[in-house]
file target_30.txt (compact mmCIF, C-alpha atoms)
# COMPACT_ATOMS: atom_id res chain seq x y z
CA MET A 1 -28.44 11.92 -4.35
CA LYS A 2 -28.30 10.15 -1.02
CA THR A 3 -26.28 7.32 -2.59
CA LEU A 4 -23.73 9.79 -3.98
CA LYS A 5 -23.46 11.47 -0.57
CA ASN A 6 -22.85 8.10 1.09
CA GLU A 7 -20.14 7.20 -1.41
CA LEU A 8 -18.42 10.54 -0.79
CA ILE A 9 -18.51 9.80 2.94
CA TYR A 10 -16.92 6.39 2.33
CA LEU A 11 -14.23 7.97 0.16
CA ALA A 12 -13.53 10.71 2.71
CA THR A 13 -13.31 8.09 5.47
CA ALA A 14 -10.70 6.13 3.50
CA LEU A 15 -8.80 9.36 2.85
CA MET A 16 -8.78 10.28 6.54
CA PHE A 17 -7.80 6.75 7.58
CA PHE A 18 -4.77 6.47 5.30
CA THR A 19 -3.51 10.04 4.87
CA ARG A 20 -3.03 13.35 6.64
CA ILE A 21 -4.96 15.16 3.92
CA PRO A 22 -7.61 17.31 5.64
CA VAL A 23 -11.24 16.73 4.69
CA PRO A 24 -13.00 20.13 4.59
CA PHE A 25 -16.25 18.92 6.11
CA THR A 26 -17.43 16.89 9.07
CA ILE A 27 -18.30 13.29 8.34
CA PRO A 28 -20.04 10.73 10.55
CA TYR A 29 -18.18 7.62 11.69
CA SER A 30 -19.32 4.11 12.38
CA GLY A 31 -18.07 0.58 11.93
CA GLU A 32 -20.32 0.19 8.91
CA ILE A 33 -18.95 3.32 7.24
CA MET A 34 -15.39 2.19 7.88
CA ASN A 35 -16.27 -1.21 6.47
CA LYS A 36 -17.70 0.23 3.26
CA SER A 37 -14.81 2.65 2.82
CA GLN A 38 -12.55 -0.30 2.02
CA LYS A 39 -13.59 -0.13 -1.64
CA TYR A 40 -11.80 3.22 -1.92
CA PHE A 41 -8.45 2.23 -0.40
CA ALA A 42 -6.91 1.80 -3.86
CA TRP A 43 -8.35 5.17 -4.88
CA VAL A 44 -6.47 6.76 -2.00
CA GLY A 45 -3.38 5.03 -3.38
CA LEU A 46 -4.13 6.56 -6.78
CA LEU A 47 -4.25 10.04 -5.23
CA VAL A 48 -1.11 9.49 -3.17
CA GLY A 49 0.66 8.20 -6.27
CA ILE A 50 -0.37 11.26 -8.31
CA ILE A 51 0.89 13.63 -5.60
CA ASN A 52 4.16 11.71 -5.31
CA ALA A 53 4.65 11.76 -9.09
CA MET A 54 4.03 15.52 -9.22
CA ILE A 55 6.51 16.15 -6.40
CA LEU A 56 9.14 13.97 -8.09
CA TYR A 57 8.69 15.77 -11.40
CA LEU A 58 8.93 19.25 -9.88
CA SER A 59 11.86 18.29 -7.64
CA THR A 60 13.71 16.83 -10.61
CA LEU A 61 13.28 20.13 -12.48
CA LEU A 62 14.70 22.06 -9.53
CA PHE A 63 17.47 19.64 -8.54
CA ASN A 64 18.17 16.25 -10.08
CA LEU A 65 16.60 12.79 -10.17
CA GLU A 66 18.26 11.47 -7.00
CA ILE A 67 17.33 14.45 -4.84
CA GLY A 68 13.87 14.41 -6.39
CA ILE A 69 13.34 10.80 -5.28
CA VAL A 70 14.43 11.63 -1.71
CA VAL A 71 12.10 14.64 -1.60
CA MET A 72 9.28 12.46 -2.93
CA MET A 73 9.91 9.79 -0.30
CA ILE A 74 9.92 12.40 2.46
CA SER A 75 6.68 13.93 1.20
CA SER A 76 5.09 10.50 0.93
CA VAL A 77 5.86 9.74 4.57
CA LEU A 78 4.46 13.12 5.62
CA LEU A 79 1.41 12.66 3.41
CA THR A 80 0.46 9.29 4.88
CA GLY A 81 1.86 9.70 8.38
CA ALA A 82 4.13 6.70 7.68
CA PHE A 83 1.02 4.56 8.15
CA HIS A 84 2.19 1.62 6.05
CA GLU A 85 5.87 2.05 6.88
CA ASP A 86 5.02 1.73 10.56
CA GLY A 87 3.26 -1.56 9.85
CA PHE A 88 6.30 -2.81 7.95
CA THR A 89 8.71 -2.01 10.80
CA ASP A 90 6.39 -3.65 13.34
CA MET A 91 6.17 -6.72 11.12
CA CYS A 92 9.97 -6.94 10.84
CA ASP A 93 10.44 -6.58 14.60
CA SER A 94 7.75 -9.08 15.56
CA PHE A 95 8.55 -11.85 13.09
CA GLY A 96 12.29 -11.26 13.35
CA GLY A 97 12.48 -11.14 17.14
CA GLY A 98 9.54 -13.30 18.20
CA TYR A 99 9.00 -17.04 18.30
CA GLY A 100 5.48 -18.39 18.49
CA LYS A 101 2.18 -16.62 17.90
CA GLU A 102 1.79 -15.00 21.31
CA LYS A 103 5.33 -13.60 21.38
CA ILE A 104 5.06 -12.30 17.81
CA LEU A 105 1.76 -10.53 18.53
CA THR A 106 3.13 -9.09 21.78
CA ILE A 107 6.15 -7.58 20.02
CA MET A 108 3.92 -6.31 17.22
CA LYS A 109 1.86 -4.29 19.72
CA ASP A 110 5.01 -2.68 21.17
CA SER A 111 5.35 0.89 19.85
CA ARG A 112 9.14 0.80 20.10
CA VAL A 113 11.21 0.08 16.99
CA GLY A 114 13.92 -2.56 17.34
CA ALA A 115 16.91 -3.65 15.28
CA TYR A 116 14.90 -5.78 12.85
CA GLY A 117 12.48 -2.93 12.15
CA THR A 118 15.28 -0.39 11.71
CA ILE A 119 17.29 -2.60 9.39
CA GLY A 120 14.18 -3.64 7.48
CA ILE A 121 12.93 -0.11 6.78
CA ILE A 122 16.41 1.06 5.73
CA LEU A 123 16.70 -1.79 3.24
CA LEU A 124 13.15 -1.21 2.01
CA PHE A 125 13.80 2.50 1.41
CA ALA A 126 17.08 1.65 -0.31
CA LEU A 127 15.31 -0.75 -2.66
CA LYS A 128 12.61 1.84 -3.33
CA PHE A 129 15.16 4.58 -4.02
CA PHE A 130 17.45 2.61 -6.31
CA SER A 131 14.63 0.95 -8.26
CA ILE A 132 12.91 4.30 -8.96
CA GLN A 133 16.30 5.81 -9.82
CA ALA A 134 16.96 3.03 -12.33
CA LEU A 135 13.52 3.45 -13.88
CA GLY A 136 13.78 7.24 -13.97
CA THR A 137 17.13 7.06 -15.72
CA VAL A 138 15.52 5.06 -18.53
CA ASP A 139 12.34 7.15 -18.92
CA LEU A 140 11.25 9.69 -16.33
CA THR A 141 7.81 10.31 -17.85
CA LYS A 142 6.91 6.61 -17.83
CA THR A 143 8.36 6.27 -14.34
CA LEU A 144 5.95 8.90 -13.04
CA ALA A 145 3.07 6.76 -14.36
CA VAL A 146 4.63 3.63 -12.83
CA ILE A 147 4.75 5.34 -9.43
CA ILE A 148 1.03 6.14 -9.64
CA LEU A 149 0.27 2.58 -10.72
CA ALA A 150 2.45 1.07 -7.98
CA HIS A 151 0.70 3.01 -5.24
CA SER A 152 -2.78 2.14 -6.45
CA SER A 153 -1.98 -1.52 -7.20
CA SER A 154 -0.18 -2.16 -3.91
CA ARG A 155 -3.09 -0.81 -1.87
CA PHE A 156 -5.56 -2.81 -3.91
CA ILE A 157 -3.53 -5.99 -3.46
CA SER A 158 -3.07 -5.38 0.25
CA GLY A 159 -6.81 -4.87 0.62
CA THR A 160 -7.57 -8.27 -0.90
CA MET A 161 -6.01 -9.92 2.14
CA ILE A 162 -9.08 -8.83 4.10
CA TYR A 163 -11.07 -11.32 2.03
CA THR A 164 -8.52 -14.11 1.65
CA HIS A 165 -7.09 -14.44 5.17
CA GLN A 166 -8.22 -14.51 8.78
CA TYR A 167 -7.74 -11.58 11.14
CA VAL A 168 -5.94 -12.88 14.22
CA THR A 169 -5.32 -10.08 16.73
CA ASP A 170 -7.69 -8.90 19.44
CA ILE A 171 -10.48 -7.56 17.22
CA ASP A 172 -12.29 -5.80 20.07
CA VAL A 173 -9.42 -3.37 20.62
CA SER A 174 -8.14 -3.14 17.06
CA LYS A 175 -8.46 -0.02 14.91
CA SER A 176 -9.02 -2.40 11.98
CA LYS A 177 -11.96 -4.15 13.66
CA PRO A 178 -14.59 -3.08 11.07
CA LEU A 179 -12.44 -4.51 8.27
CA ALA A 180 -11.68 -7.84 9.89
CA ASN A 181 -12.84 -11.14 8.43
CA LYS A 182 -15.02 -9.69 5.66
CA PRO A 183 -16.96 -11.94 3.29
CA LEU A 184 -16.02 -11.64 -0.37
CA ASP A 185 -17.45 -8.42 -1.83
CA GLY A 186 -17.27 -8.39 -5.62
CA ILE A 187 -18.56 -4.82 -5.92
CA ALA A 188 -15.93 -3.48 -3.53
CA LEU A 189 -13.19 -5.32 -5.39
CA LEU A 190 -14.44 -3.97 -8.72
CA VAL A 191 -14.55 -0.38 -7.43
CA GLY A 192 -11.01 -0.75 -6.12
CA PHE A 193 -9.71 -2.31 -9.32
CA ILE A 194 -11.15 0.52 -11.41
CA SER A 195 -8.56 2.83 -9.85
CA VAL A 196 -5.83 0.38 -10.88
CA PHE A 197 -7.27 0.28 -14.41
CA ILE A 198 -7.25 4.09 -14.56
CA ALA A 199 -3.61 4.09 -13.50
CA PHE A 200 -2.83 1.51 -16.20
CA THR A 201 -4.28 3.84 -18.85
CA LEU A 202 -1.58 6.40 -17.98
CA ILE A 203 1.02 3.99 -19.34
CA PRO A 204 -0.64 1.52 -21.72
CA ASP A 205 2.11 -1.08 -21.53
CA TRP A 206 0.76 -4.65 -21.33
CA ARG A 207 4.13 -5.82 -20.00
CA LEU A 208 3.37 -4.17 -16.65
CA ILE A 209 0.83 -6.92 -16.02
CA PHE A 210 3.94 -8.90 -15.06
CA ALA A 211 4.83 -6.28 -12.43
CA PHE A 212 1.29 -6.47 -11.03
CA ALA A 213 1.48 -10.27 -10.98
CA LEU A 214 4.86 -10.19 -9.22
CA ALA A 215 3.43 -7.87 -6.58
CA TYR A 216 0.45 -10.18 -6.09
CA ILE A 217 2.75 -13.19 -5.76
CA GLY A 218 4.50 -11.25 -3.00
CA LYS A 219 1.15 -10.88 -1.25
CA ILE A 220 0.47 -14.60 -1.62
CA TYR A 221 3.83 -15.47 -0.09
CA LEU A 222 3.44 -13.03 2.79
CA GLY A 223 -0.09 -14.31 3.40
CA TRP A 224 1.25 -17.86 3.57
CA TYR A 225 4.06 -16.75 5.91
CA PHE A 226 1.69 -14.88 8.23
CA LYS A 227 -0.75 -17.79 8.33
CA LYS A 228 2.05 -20.23 9.10
CA HIS A 229 3.35 -18.26 12.08
CA ILE A 230 0.30 -16.47 13.55
CA GLY A 231 -2.67 -18.00 11.74
CA GLY A 232 -3.58 -14.96 9.64
CA TYR A 233 -2.94 -11.24 9.37
CA THR A 234 -3.02 -8.08 11.51
CA GLY A 235 -3.31 -4.40 10.58
CA ASP A 236 0.49 -4.13 10.64
CA CYS A 237 0.69 -7.05 8.23
CA LEU A 238 -1.53 -5.18 5.78
CA GLY A 239 0.80 -2.19 5.92
CA ALA A 240 3.79 -4.45 5.33
CA VAL A 241 2.09 -6.08 2.34
CA GLN A 242 1.43 -2.65 0.79
CA GLN A 243 5.05 -1.59 1.15
CA VAL A 244 6.47 -4.86 -0.16
CA CYS A 245 4.05 -4.97 -3.10
CA GLU A 246 4.89 -1.38 -4.05
CA VAL A 247 8.60 -2.19 -4.20
CA LEU A 248 7.92 -5.45 -6.06
CA PHE A 249 5.98 -3.47 -8.66
CA TYR A 250 9.03 -1.25 -9.25
CA LEU A 251 11.32 -4.29 -9.47
CA GLY A 252 8.89 -6.06 -11.80
CA THR A 253 8.86 -3.00 -14.06
CA MET A 254 12.65 -3.04 -14.14
CA ILE A 255 12.58 -6.67 -15.25
CA VAL A 256 10.11 -6.14 -18.10
CA TRP A 257 11.82 -2.97 -19.33
CA LYS A 258 15.13 -4.77 -19.40
CA PHE A 259 14.24 -8.22 -20.70
CA ILE A 260 10.81 -8.19 -22.37
call {"tool": "encode", "arguments": {"input": "target_30.txt", "output": "structure tokens"}}
result
Amino acid sequence: MKTLKNELIYLATALMFFTRIPVPFTIPYSGEIMNKSQKYFAWVGLLVGIINAMILYLSTLLFNLEIGIVVMMISSVLLTGAFHEDGFTDMCDSFGGGYGKEKILTIMKDSRVGAYGTIGIILLFALKFFSIQALGTVDLTKTLAVIILAHSSSRFISGTMIYTHQYVTDIDVSKSKPLANKPLDGIALLVGFISVFIAFTLIPDWRLIFAFALAYIGKIYLGWYFKKHIGGYTGDCLGAVQQVCEVLFYLGTMIVWKFI
């Protein structure tokens, strides 16, 4: 019973960290709890994906596919507090406008959004909109499942960077301190991947393994890029990886539906 209670606390912590969804009970907080909540990050993605898919479906019934996608994107930002989108814009500003590790990290800590961040997020949203539109035009029902799978997979993939790369910012003042530089945890990875597997069962299409692989290749490239320029990753980098991998999953699905 105590173990179940602890797992619920870890899940609620992940939910509070990544979304604006209220948790109807008080939970304790510590670095250890935050650390162990990492196994449920992909599960939060599964929930966010389900909510987004439901909103898209209902909005499409009321309006049309294009308006439904916009409504879904707005609700997604409100649901998560633009947590990952903020990381993406900071990443664009810092790597686009900075030269050298210290300058890049300094810009990344600046709360203001510059030209690179603005242009980057506009292009990212455009890619997200038009890729989901293209998929929804082919098969809306399958697209709803793809959205759920993309959210869960992208958060799982982003979370793996915690194990594969070095955290490089000032850990003592970072909100991601408990997650930094973790040793490989097979159990946590398995728990996270189960949510991806559940999402895969919603659309049993083996071809989507290609979309997952494409998203993971995106993570590998970004990890290499971050390591080259700053020696590892930051919390903003993780958010950027999630956003990029989500879009790559949609693009990968377009490829397999069209050519395979």
call {"tool": "closest_residue", "arguments": {"input": "target_30.txt", "among": "A:Ile255, A:Ile21, A:Ile260, A:Met34", "to": "Gly81 of chain A", "atoms": "only C-alpha atoms"}}
result
A:Ile21
call {"tool": "atom_distance", "arguments": {"input": "target_30.txt", "atom1": "atom CA of Met108 of chain A", "atom2": "atom CA of Lys39 of chain A"}}
result
26.5 Å
call {"tool": "residues_around", "arguments": {"input": "target_30.txt", "residues": "Leu46 of chain A", "least_positions_apart": "6", "cutoff": "8 Å", "atoms": "only C-alpha atoms", "output": "PyMOL selection string"}}
result
chain A and resi 148-149+151-152+195-196+199
call {"tool": "closest_residue", "arguments": {"input": "target_30.txt", "among": "A:Leu123, A:Tyr29, A:Gly45, A:Gln133", "to": "Val70 of chain A", "atoms": "all atoms listed in the file"}}
result
A:Gln133
call {"tool": "residues_around", "arguments": {"input": "target_30.txt", "residues": "Ile157 of chain A", "least_positions_apart": "6", "cutoff": "8 Å", "atoms": "only C-alpha atoms", "output": "PyMOL selection string"}}
result
chain A and resi 215-216+219+242+245
call {"tool": "residues_around", "arguments": {"input": "target_30.txt", "residues": "Ala53 of chain A", "least_positions_apart": "6", "cutoff": "9 Å", "atoms": "all atoms listed in the file", "output": "PyMOL selection string"}}
result
chain A and resi 72+143-148
call {"tool": "residues_near_point", "arguments": {"input": "target_30.txt", "point": "(9.2, -5.5, -13.7)", "cutoff": "10 Å", "atoms": "all atoms listed in the file", "output": "PyMOL selection string"}}
result
chain A and resi 135+207-215+248-260
call {"tool": "residues_around", "arguments": {"input": "target_30.txt", "residues": "Asp236 of chain A", "least_positions_apart": "6", "cutoff": "8 Å", "atoms": "all atoms listed in the file", "output": "NGL selection string"}}
result
:A and (84 or 86-88 or 90-91 or 108)
call {"tool": "residues_around", "arguments": {"input": "target_30.txt", "residues": "Glu102 of chain A", "least_positions_apart": "4", "cutoff": "12 Å", "atoms": "all atoms listed in the file", "output": "JSON, numbers by chain"}}
result
{"A": [94, 95, 98, 106, 107, 108, 109, 168, 169, 170, 229, 230, 231]}
call {"tool": "atom_distance", "arguments": {"input": "target_30.txt", "atom1": "atom CA of Gly97 of chain A", "atom2": "atom CA of Lys128 of chain A"}}
result
24.2 Å
call {"tool": "decode", "arguments": {"input": "target_30.txt", "residues": "segment 136-172 of chain A", "atoms": "C-alpha atoms", "output": "tab-separated table (two decimals), in the first residue's frame"}}
result
chain	number	residue	atom	x	y	z
A	136	GLY	CA	-6.20	14.46	-40.61
A	137	THR	CA	-7.23	14.86	-44.23
A	138	VAL	CA	-6.17	11.26	-44.89
A	139	ASP	CA	-7.69	9.67	-41.78
A	140	LEU	CA	-8.89	11.72	-38.81
A	141	THR	CA	-9.45	8.74	-36.51
A	142	LYS	CA	-5.90	7.44	-37.00
A	143	THR	CA	-4.55	10.97	-36.67
A	144	LEU	CA	-6.09	11.27	-33.21
A	145	ALA	CA	-4.13	8.15	-32.19
A	146	VAL	CA	-0.97	9.54	-33.79
A	147	ILE	CA	-1.30	12.72	-31.73
A	148	ILE	CA	-1.50	10.68	-28.52
A	149	LEU	CA	1.48	8.60	-29.59
A	150	ALA	CA	3.52	11.66	-30.60
A	151	HIS	CA	3.03	13.34	-27.23
A	152	SER	CA	3.96	10.26	-25.24
A	153	SER	CA	6.90	9.28	-27.48
A	154	SER	CA	8.40	12.77	-27.63
A	155	ARG	CA	8.39	13.11	-23.84
A	156	PHE	CA	9.89	9.66	-23.44
A	157	ILE	CA	12.62	10.43	-25.95
A	158	SER	CA	13.35	13.81	-24.40
A	159	GLY	CA	13.64	12.16	-20.99
A	160	THR	CA	16.31	9.77	-22.22
A	161	MET	CA	18.69	12.70	-22.62
A	162	ILE	CA	18.91	12.83	-18.83
A	163	TYR	CA	20.76	9.52	-19.00
A	164	THR	CA	22.76	9.98	-22.20
A	165	HIS	CA	24.11	13.53	-21.84
A	166	GLN	CA	25.68	15.80	-19.25
A	167	TYR	CA	23.78	18.61	-17.56
A	168	VAL	CA	25.81	21.80	-18.02
A	169	THR	CA	24.06	24.78	-16.43
A	170	ASP	CA	24.37	25.92	-12.82
A	171	ILE	CA	22.79	22.89	-11.13
A	172	ASP	CA	22.52	24.58	-7.73
